[in-house]
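Here is the structure we will look at, set down as structure tokens.
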Amino acid sequence: MEFITYEQEGFVGIITINRPKALNALNSQVLKEIDAALDAVDLETTRCLILTGAGEKSFVAGADIGEMSTLTKAEGEAFGKTGNDVFRKLETFPIPVIAAVNGFALGGGCEISMSCDIRLCSDNAVFGQPEVGLGITPGFGGTQRLARLVGAGKAKEMIYTAFNIKADEAYRIGLVNAVYPQAELMEAAKKMAAKISKNAPIAVRACKKAINEGLDADMDQAIVIEEKLFGSCFETEDQKDGMAAFLNKEKVSGFKNK
Ligand code: CAA
């Protein structure tokens with residue numbers, strides 16, 4: 001791959017978007033490679049992913065403006081679909097994904113971070129949806145996910161004004177879970193990923209599915225989604241090991257992911 005690097009540290013996989021000359025902007029090739037990187041993750045041995053950008057200035061500075069500048073209506077729609085398909089794959093990826101937002105997260109950059117389960121950012125991070133200043137709408141899910149994350153009023157303000165916000169404001173409105181000094185961001189993301197990876201992996205995956213699918217359903221259906229997933233845990237060795245350890249006043253010595 002030209003623009004993506006993948007590292008495995010224990011149970012944690014780290015995907016880095018590595019196109020620093022364009023501040024990690026997403027062109028078709030980068031999107032294709034993110035898709036391929038997700039396909040290549042070994043779900044037997046990986047329990048959490050971290051997504052970040054190369055360098056200290058930018059997470060992702062958006063979709064590639066050069067590539068988009070000459071698109072026709074049909075091509076624009078197809079480009080939007082390509083991004084949306086990859087971001088939806090990330091959002092529904094079986095294991096949790098933490099975005100370590102290490103700088104600019106503009107347009108498609110803000111949008112890809114919102115497709116992750118949890119956003120941690122550095123103190124120099126900048127979030128925004130600048131698309132209307134370029135004559136387009138947010139096209140990789142921004143109109144949908146920003147409104148769901150921070151509420152329609154704040155999302156509309158950010159999107160209509162195309163105004164960027166800094167890390168502290170992103171934290172204040174609930175767009176990010178926590179802000180760290182740049183030098184501490186990756187360690188914090190790894191620490192959180194390690195904590196997640198220590199828990200019963202099948203149960204963690206079931207929680208992700210229950211939250212995601214439940215949010216798209218009404219409460220009566222959502223509760224049934226939870227019940228089914230809760231029930232399915234009782235077929236796992238991890239449930240037996242976890243509860244036996246508690247009853248024996250021991251710490252579970254490591255979940256088997258079975
Ligand atoms: N697409 C293509 N190239 C980009 C880019 C993008 N989104 N963002 C930055 N770059 C390139 C610049 O063109 C520049 O390349 P050259 O050195 O070849 O000229 C290089 O990255 C460095 O950028 P700057 O010189 O502009 O760096 P800066 O520090 O002065 O400014 C910035 C940084 C404020 C992030 C500025 O680059 C910027 O405003 N970028 C565009 C941000 C943006 O509008 N993103 C939304 C894109 S639209 C979108 O994402 C649609 C969608 O929803 C699908």
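Simple scheme: letters A, B, ... for chains in structure tokens order, numbers from 1 for residues in each chain, numbers from 1 for ligands in the order shown.
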task: List all protein, DNA and RNA residues that have an atom no more than 6 Å from any atom of ligand 1, counting only C-alpha atoms and all ligand atoms, and report them as a count of residues only.
output: 19
For segment 118-212 of chain A against segment 50-60 of chain A, with a cut-off of 10 Å and counting only C-alpha atoms, what is the closest atom pair and its distance in Å to one decimal for every residue that makes the cut, ordered by chain and number, as CSV?
residue,atom,partner,partner_atom,distance
A:Ile118,CA,A:Ile50,CA,9.6
A:Arg119,CA,A:Leu51,CA,9.6
A:Cys121,CA,A:Phe59,CA,9.3
A:Ser122,CA,A:Glu56,CA,9.4
A:Asn124,CA,A:Lys57,CA,7.9
A:Ala125,CA,A:Ser58,CA,7.8
A:Val126,CA,A:Ser58,CA,8.8
A:Phe127,CA,A:Phe59,CA,9.9
A:Gln182,CA,A:Glu56,CA,7.6
A:Ala183,CA,A:Glu56,CA,9.1
A:Met186,CA,A:Thr52,CA,8.7
A:Ala189,CA,A:Ile50,CA,7.1
A:Lys190,CA,A:Ile50,CA,7.7
A:Met192,CA,A:Ile50,CA,9.8
A:Ala193,CA,A:Ile50,CA,7.5
task: Identify all residues of segment 23-236 of chain A in strand (DSSP E or B) (DSSP on the backbone) and supply them as a ChimeraX atom specification.
output: /A:26,48-53,58-60,63,97-101,104-106,118-122,126-128,165-166,178-180
Would you mind listing what lies within 10 Å of Glu2 of chain A as a compact mmCIF listing (two decimals) with C-alpha atoms, in the first residue's frame, with only C-alpha atoms counted and same-chain residues fewer than 5 positions away left out?
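To be explicit, this is the file written out as selection.txt:
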# COMPACT_ATOMS: atom_id res chain seq x y z
CA ILE A 17 -3.16 7.38 6.87
CA ASN A 18 0.17 8.40 5.43
CA ARG A 19 -0.02 11.06 2.75
CA GLN A 29 -6.53 5.60 -3.78
CA VAL A 30 -6.39 6.37 -0.03
CA GLU A 33 -6.41 1.37 0.72
Residue contacts of Ile95 of chain A (8 Å, only C-alpha atoms) excluding same-chain residues fewer than 5 positions away, as an MDAnalysis selection string: chainID A and resid 43 47:49 204:205 208
task: Excluding Asn199 of chain A and any residue of its chain fewer than 4 positions from it, enumerate the residues within 10 Å of it, using only C-alpha atoms, and give them as an MDAnalysis selection string.
output: chainID A and resid 47 194:195 203:204 238 242 252 254:255 257
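Of the residues under consideration (A:Ile98, A:Ala36, A:Met158, A:Leu26), A:Ile98 shows the shortest atom-to-atom contact distance to Val176 of chain A when counting only C-alpha atoms.
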